[in-house]
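Here's the structure we're looking at; comments come further down.
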Amino acid sequence: EVGPAVLEALRAGYRHLDLAHVYGNEKEIGQALQQAFSEGIVKRQDLFITGKLWNSDHDVEIVPQACDHSLKNLQLDYFDLYLIHFPVAWKHTGLDTPSWGASELGDTPLIDTWRAMERLVDESKCRSIGVSNYPLMLLHDLTTQARIQPACNQIEVHAFYQRESLVNYCLSRNIGVTAHTPLGGGAANQEAWKTPNPLHDPVVAKIADTHNKSPAQVLLRFLLQRGIAVLPKSVKAERIAQNIGLFDFSLSDNEMKEIGTLDKYVSYKTNPNPLASFLGAKDAFSPQGTDIFD
């Protein structure tokens, strides 16, 4: 269903597509993109396409192969942005079989992976590079060593997990912040992790009623006004159209402060946390797996 959803999003006006090899849908998206190009819905140069390097592809010699593999699947010549998906290296399991389950820690330092990413920019395979799910001090360590500075840190950030220090650090260093879980994971996280859902928060509902907007639109607008790019996910045409309707209203300073009080300082381990992927292998260090953010 992702191919039709991509086409619907492009018709609705979306131009930023956030993709990843581990999602397993690159070929289907590539077909949808070719259809969009051939039908004149959009041109490649009008899109901003993000790809991600998976954990089991961190080895220096594998990084360019992984990038090429994704570009071939997508039928593209370059990424606008290419990210290290998580700050952890796993043993390589093959480009067609990205590790998920019985995953074992690899031995490639993150800075070596970054050096290989920098070469992708030199070779014009990627116009910019960045990271995802990096905590503040690990990101700072990277900025002190990088020849090409990270353009982006894509993180879990939403009304219930606002991460003020990390967000403001990134913005102070001209590192863009992108929210991969801007709605707090919604019903999926509520079911999987038993976490509270910001879409159901009464403060958010009250502000939504004031503006005649949905709770989702208010949560997305809250992040935009903090200088954070948002990546709402949906395959439903109605929600795809609704989630882009963010530019005909703004939240007042008081409303921003009200939502600011909702911060619970708790990660909801989203999108996805590779916690359980270690189960069944020697590097599972708890009954639930291994939490790389401990």
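Going through the structure tokens in order, the chains are called A, B, and so on, while each chain numbers its residues from 1 and the ligands are numbered from 1 in the order shown.
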Inset, instruction - Write out as number ranges by chain all residues of region 15-68 of chain A that backbone DSSP assigns to strand (DSSP E or B). - result: A: 16-18, 48-53
Selection export as a compact mmCIF listing (two decimals), in the first residue's frame, atoms kept: C-alpha atoms:
```
# COMPACT_ATOMS: atom_id res chain seq x y z
CA HIS A 16 10.03 15.50 1.28
CA LEU A 17 10.12 11.69 1.33
CA ASP A 18 11.80 9.92 4.23
CA PHE A 48 13.93 16.08 -1.24
CA ILE A 49 14.58 12.38 -0.71
CA THR A 50 16.19 11.00 2.43
CA GLY A 51 17.67 7.51 2.66
CA LYS A 52 19.23 5.68 5.60
CA LEU A 53 22.18 3.37 6.17
```
Legend entry - Near-Ala102 (chain A) list (12 Å; only C-alpha atoms; drop same-chain fewer than 3 positions) as a list in words: Ser56, Trp90, Lys91, Thr93, Pro98, Ser99, Leu105, Pro274, Leu275, Ala276, Ser277, Phe278, Leu279, Gly280, Ala281, Lys282, Asp283, Ala284, Phe285, Gly289 and Thr290 of chain A
Store the residues picked out above, limited to N, CA, C and O atoms, as a PDB file, in the first residue's frame.
```pdb
ATOM      1  N   SER A  56      23.443  -2.918  10.034  1.00  0.00           N
ATOM      2  CA  SER A  56      24.301  -4.023   9.610  1.00  0.00           C
ATOM      3  C   SER A  56      25.112  -3.686   8.357  1.00  0.00           C
ATOM      4  O   SER A  56      25.784  -4.565   7.813  1.00  0.00           O
ATOM      5  N   TRP A  90      26.243  -3.278  13.535  1.00  0.00           N
ATOM      6  CA  TRP A  90      26.022  -4.713  13.676  1.00  0.00           C
ATOM      7  C   TRP A  90      26.848  -5.446  12.623  1.00  0.00           C
ATOM      8  O   TRP A  90      27.292  -4.854  11.625  1.00  0.00           O
ATOM      9  N   LYS A  91      27.019  -6.724  12.837  1.00  0.00           N
ATOM     10  CA  LYS A  91      27.707  -7.532  11.841  1.00  0.00           C
ATOM     11  C   LYS A  91      26.895  -7.560  10.553  1.00  0.00           C
ATOM     12  O   LYS A  91      25.666  -7.653  10.572  1.00  0.00           O
ATOM     13  N   THR A  93      25.047  -8.668   7.315  1.00  0.00           N
ATOM     14  CA  THR A  93      24.275  -9.877   7.010  1.00  0.00           C
ATOM     15  C   THR A  93      23.827  -9.931   5.551  1.00  0.00           C
ATOM     16  O   THR A  93      22.985 -10.754   5.197  1.00  0.00           O
ATOM     17  N   PRO A  98      18.987  -7.185   5.484  1.00  0.00           N
ATOM     18  CA  PRO A  98      19.422  -6.351   6.610  1.00  0.00           C
ATOM     19  C   PRO A  98      19.052  -7.000   7.938  1.00  0.00           C
ATOM     20  O   PRO A  98      17.948  -7.506   8.103  1.00  0.00           O
ATOM     21  N   SER A  99      20.000  -6.985   8.853  1.00  0.00           N
ATOM     22  CA  SER A  99      19.825  -7.704  10.116  1.00  0.00           C
ATOM     23  C   SER A  99      18.654  -7.163  10.914  1.00  0.00           C
ATOM     24  O   SER A  99      18.519  -5.962  11.124  1.00  0.00           O
ATOM     25  N   LEU A 105      26.667  -7.246  17.621  1.00  0.00           N
ATOM     26  CA  LEU A 105      27.426  -6.006  17.509  1.00  0.00           C
ATOM     27  C   LEU A 105      28.632  -6.201  16.597  1.00  0.00           C
ATOM     28  O   LEU A 105      29.323  -7.211  16.666  1.00  0.00           O
ATOM     29  N   PRO A 274      15.799  -0.727  18.159  1.00  0.00           N
ATOM     30  CA  PRO A 274      16.311  -2.072  17.825  1.00  0.00           C
ATOM     31  C   PRO A 274      16.478  -2.967  19.040  1.00  0.00           C
ATOM     32  O   PRO A 274      17.211  -3.949  18.988  1.00  0.00           O
ATOM     33  N   LEU A 275      15.804  -2.657  20.110  1.00  0.00           N
ATOM     34  CA  LEU A 275      15.877  -3.386  21.368  1.00  0.00           C
ATOM     35  C   LEU A 275      15.764  -4.902  21.172  1.00  0.00           C
ATOM     36  O   LEU A 275      16.656  -5.665  21.523  1.00  0.00           O
ATOM     37  N   ALA A 276      14.658  -5.339  20.588  1.00  0.00           N
ATOM     38  CA  ALA A 276      14.383  -6.777  20.491  1.00  0.00           C
ATOM     39  C   ALA A 276      15.179  -7.469  19.401  1.00  0.00           C
ATOM     40  O   ALA A 276      15.225  -8.705  19.357  1.00  0.00           O
ATOM     41  N   SER A 277      15.830  -6.704  18.537  1.00  0.00           N
ATOM     42  CA  SER A 277      16.550  -7.325  17.418  1.00  0.00           C
ATOM     43  C   SER A 277      17.737  -8.148  17.887  1.00  0.00           C
ATOM     44  O   SER A 277      18.249  -8.979  17.151  1.00  0.00           O
ATOM     45  N   PHE A 278      18.195  -7.922  19.123  1.00  0.00           N
ATOM     46  CA  PHE A 278      19.331  -8.674  19.649  1.00  0.00           C
ATOM     47  C   PHE A 278      18.925 -10.038  20.206  1.00  0.00           C
ATOM     48  O   PHE A 278      19.793 -10.865  20.481  1.00  0.00           O
ATOM     49  N   LEU A 279      17.637 -10.271  20.419  1.00  0.00           N
ATOM     50  CA  LEU A 279      17.186 -11.523  21.004  1.00  0.00           C
ATOM     51  C   LEU A 279      17.607 -12.707  20.142  1.00  0.00           C
ATOM     52  O   LEU A 279      17.520 -12.666  18.916  1.00  0.00           O
ATOM     53  N   GLY A 280      18.091 -13.737  20.797  1.00  0.00           N
ATOM     54  CA  GLY A 280      18.528 -14.930  20.083  1.00  0.00           C
ATOM     55  C   GLY A 280      20.000 -14.952  19.770  1.00  0.00           C
ATOM     56  O   GLY A 280      20.485 -15.907  19.150  1.00  0.00           O
ATOM     57  N   ALA A 281      20.734 -13.905  20.171  1.00  0.00           N
ATOM     58  CA  ALA A 281      22.174 -13.839  19.906  1.00  0.00           C
ATOM     59  C   ALA A 281      22.908 -13.471  21.189  1.00  0.00           C
ATOM     60  O   ALA A 281      22.301 -13.075  22.193  1.00  0.00           O
ATOM     61  N   LYS A 282      24.233 -13.581  21.140  1.00  0.00           N
ATOM     62  CA  LYS A 282      25.044 -13.406  22.340  1.00  0.00           C
ATOM     63  C   LYS A 282      25.036 -11.972  22.869  1.00  0.00           C
ATOM     64  O   LYS A 282      25.401 -11.738  24.024  1.00  0.00           O
ATOM     65  N   ASP A 283      24.651 -10.997  22.032  1.00  0.00           N
ATOM     66  CA  ASP A 283      24.684  -9.601  22.460  1.00  0.00           C
ATOM     67  C   ASP A 283      23.339  -9.108  22.985  1.00  0.00           C
ATOM     68  O   ASP A 283      23.106  -7.905  23.075  1.00  0.00           O
ATOM     69  N   ALA A 284      22.456 -10.027  23.350  1.00  0.00           N
ATOM     70  CA  ALA A 284      21.217  -9.658  24.041  1.00  0.00           C
ATOM     71  C   ALA A 284      21.524  -9.626  25.531  1.00  0.00           C
ATOM     72  O   ALA A 284      21.776 -10.660  26.148  1.00  0.00           O
ATOM     73  N   PHE A 285      21.491  -8.444  26.124  1.00  0.00           N
ATOM     74  CA  PHE A 285      21.959  -8.280  27.497  1.00  0.00           C
ATOM     75  C   PHE A 285      20.839  -8.088  28.511  1.00  0.00           C
ATOM     76  O   PHE A 285      21.082  -7.735  29.657  1.00  0.00           O
ATOM     77  N   GLY A 289      16.138  -7.795  25.237  1.00  0.00           N
ATOM     78  CA  GLY A 289      17.105  -7.562  24.170  1.00  0.00           C
ATOM     79  C   GLY A 289      18.206  -6.647  24.668  1.00  0.00           C
ATOM     80  O   GLY A 289      18.674  -6.802  25.796  1.00  0.00           O
ATOM     81  N   THR A 290      18.599  -5.668  23.862  1.00  0.00           N
ATOM     82  CA  THR A 290      19.627  -4.696  24.265  1.00  0.00           C
ATOM     83  C   THR A 290      19.172  -3.301  23.865  1.00  0.00           C
ATOM     84  O   THR A 290      18.926  -3.043  22.682  1.00  0.00           O
TER      85      THR A 290
END
```
Inset, instruction - Output as a ChimeraX atom specification all residues of region 145-261 of chain A that backbone DSSP marks as helix (DSSP H, G or I). - result: /A:145,164-172,186-193,198-200,202-211,215-224,237-243,253-260
Restrict the selected residues to C-alpha atoms and save them as a PDB file, in the first residue's frame.
```pdb
ATOM      1  CA  GLN A 145      35.819  15.017  14.158  1.00  0.00           C
ATOM      2  CA  GLU A 164      15.062  20.785  24.663  1.00  0.00           C
ATOM      3  CA  SER A 165      18.808  20.391  25.210  1.00  0.00           C
ATOM      4  CA  LEU A 166      19.364  18.176  22.166  1.00  0.00           C
ATOM      5  CA  VAL A 167      17.122  20.242  19.888  1.00  0.00           C
ATOM      6  CA  ASN A 168      18.735  23.529  20.899  1.00  0.00           C
ATOM      7  CA  TYR A 169      22.233  22.068  20.590  1.00  0.00           C
ATOM      8  CA  CYS A 170      21.479  20.982  17.028  1.00  0.00           C
ATOM      9  CA  LEU A 171      19.989  24.330  16.064  1.00  0.00           C
ATOM     10  CA  SER A 172      22.967  26.160  17.589  1.00  0.00           C
ATOM     11  CA  GLY A 186      -0.012   7.437  18.054  1.00  0.00           C
ATOM     12  CA  ALA A 187      -2.142   4.328  18.541  1.00  0.00           C
ATOM     13  CA  ALA A 188       0.648   1.998  17.400  1.00  0.00           C
ATOM     14  CA  ASN A 189       2.944   3.013  20.254  1.00  0.00           C
ATOM     15  CA  GLN A 190       0.062   3.092  22.696  1.00  0.00           C
ATOM     16  CA  GLU A 191      -0.623  -0.549  21.879  1.00  0.00           C
ATOM     17  CA  ALA A 192       2.983  -1.738  21.578  1.00  0.00           C
ATOM     18  CA  TRP A 193       4.564   0.116  24.492  1.00  0.00           C
ATOM     19  CA  PRO A 198      -0.508  12.928  23.000  1.00  0.00           C
ATOM     20  CA  LEU A 199      -3.303  12.868  20.418  1.00  0.00           C
ATOM     21  CA  HIS A 200      -5.692  12.245  23.321  1.00  0.00           C
ATOM     22  CA  PRO A 202      -6.999  17.328  26.878  1.00  0.00           C
ATOM     23  CA  VAL A 203      -4.678  20.346  26.547  1.00  0.00           C
ATOM     24  CA  VAL A 204      -4.000  19.472  22.909  1.00  0.00           C
ATOM     25  CA  ALA A 205      -7.708  18.854  22.306  1.00  0.00           C
ATOM     26  CA  LYS A 206      -8.632  22.240  23.770  1.00  0.00           C
ATOM     27  CA  ILE A 207      -6.124  24.083  21.569  1.00  0.00           C
ATOM     28  CA  ALA A 208      -7.282  22.110  18.529  1.00  0.00           C
ATOM     29  CA  ASP A 209     -10.891  23.183  19.156  1.00  0.00           C
ATOM     30  CA  THR A 210      -9.781  26.818  19.454  1.00  0.00           C
ATOM     31  CA  HIS A 211      -8.258  26.722  15.969  1.00  0.00           C
ATOM     32  CA  PRO A 215      -5.017  17.324  17.558  1.00  0.00           C
ATOM     33  CA  ALA A 216      -2.502  15.975  15.042  1.00  0.00           C
ATOM     34  CA  GLN A 217      -2.293  19.333  13.276  1.00  0.00           C
ATOM     35  CA  VAL A 218      -1.685  21.100  16.600  1.00  0.00           C
ATOM     36  CA  LEU A 219       1.080  18.651  17.578  1.00  0.00           C
ATOM     37  CA  LEU A 220       2.780  19.073  14.211  1.00  0.00           C
ATOM     38  CA  ARG A 221       2.464  22.857  14.317  1.00  0.00           C
ATOM     39  CA  PHE A 222       4.007  22.882  17.817  1.00  0.00           C
ATOM     40  CA  LEU A 223       7.154  21.226  16.452  1.00  0.00           C
ATOM     41  CA  LEU A 224       7.318  23.437  13.359  1.00  0.00           C
ATOM     42  CA  ALA A 237      -5.564   9.904   1.815  1.00  0.00           C
ATOM     43  CA  GLU A 238      -7.667  11.936   4.265  1.00  0.00           C
ATOM     44  CA  ARG A 239      -4.914  12.061   6.884  1.00  0.00           C
ATOM     45  CA  ILE A 240      -2.214  12.699   4.302  1.00  0.00           C
ATOM     46  CA  ALA A 241      -4.137  15.789   3.179  1.00  0.00           C
ATOM     47  CA  GLN A 242      -4.877  16.846   6.766  1.00  0.00           C
ATOM     48  CA  ASN A 243      -1.262  16.566   7.925  1.00  0.00           C
ATOM     49  CA  ASP A 253       3.051  31.995  22.873  1.00  0.00           C
ATOM     50  CA  ASN A 254       0.695  30.887  25.637  1.00  0.00           C
ATOM     51  CA  GLU A 255      -0.419  27.849  23.659  1.00  0.00           C
ATOM     52  CA  MET A 256       3.209  26.905  22.995  1.00  0.00           C
ATOM     53  CA  LYS A 257       3.881  27.177  26.728  1.00  0.00           C
ATOM     54  CA  GLU A 258       0.823  25.068  27.539  1.00  0.00           C
ATOM     55  CA  ILE A 259       2.022  22.253  25.279  1.00  0.00           C
ATOM     56  CA  GLY A 260       5.514  22.745  26.676  1.00  0.00           C
TER      57      GLY A 260
END
```
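For the residues A:Ser250, A:Gln149, A:Ser267, A:Ser103, ranking by smallest atom-to-atom distance to Thr181 (chain A) using only C-alpha atoms places A:Ser267 first.
Proximity of A:Asp57, A:Thr113, A:Val235, A:Ile244 to Leu7 (chain A), computed with only C-alpha atoms, is greatest for A:Val235.
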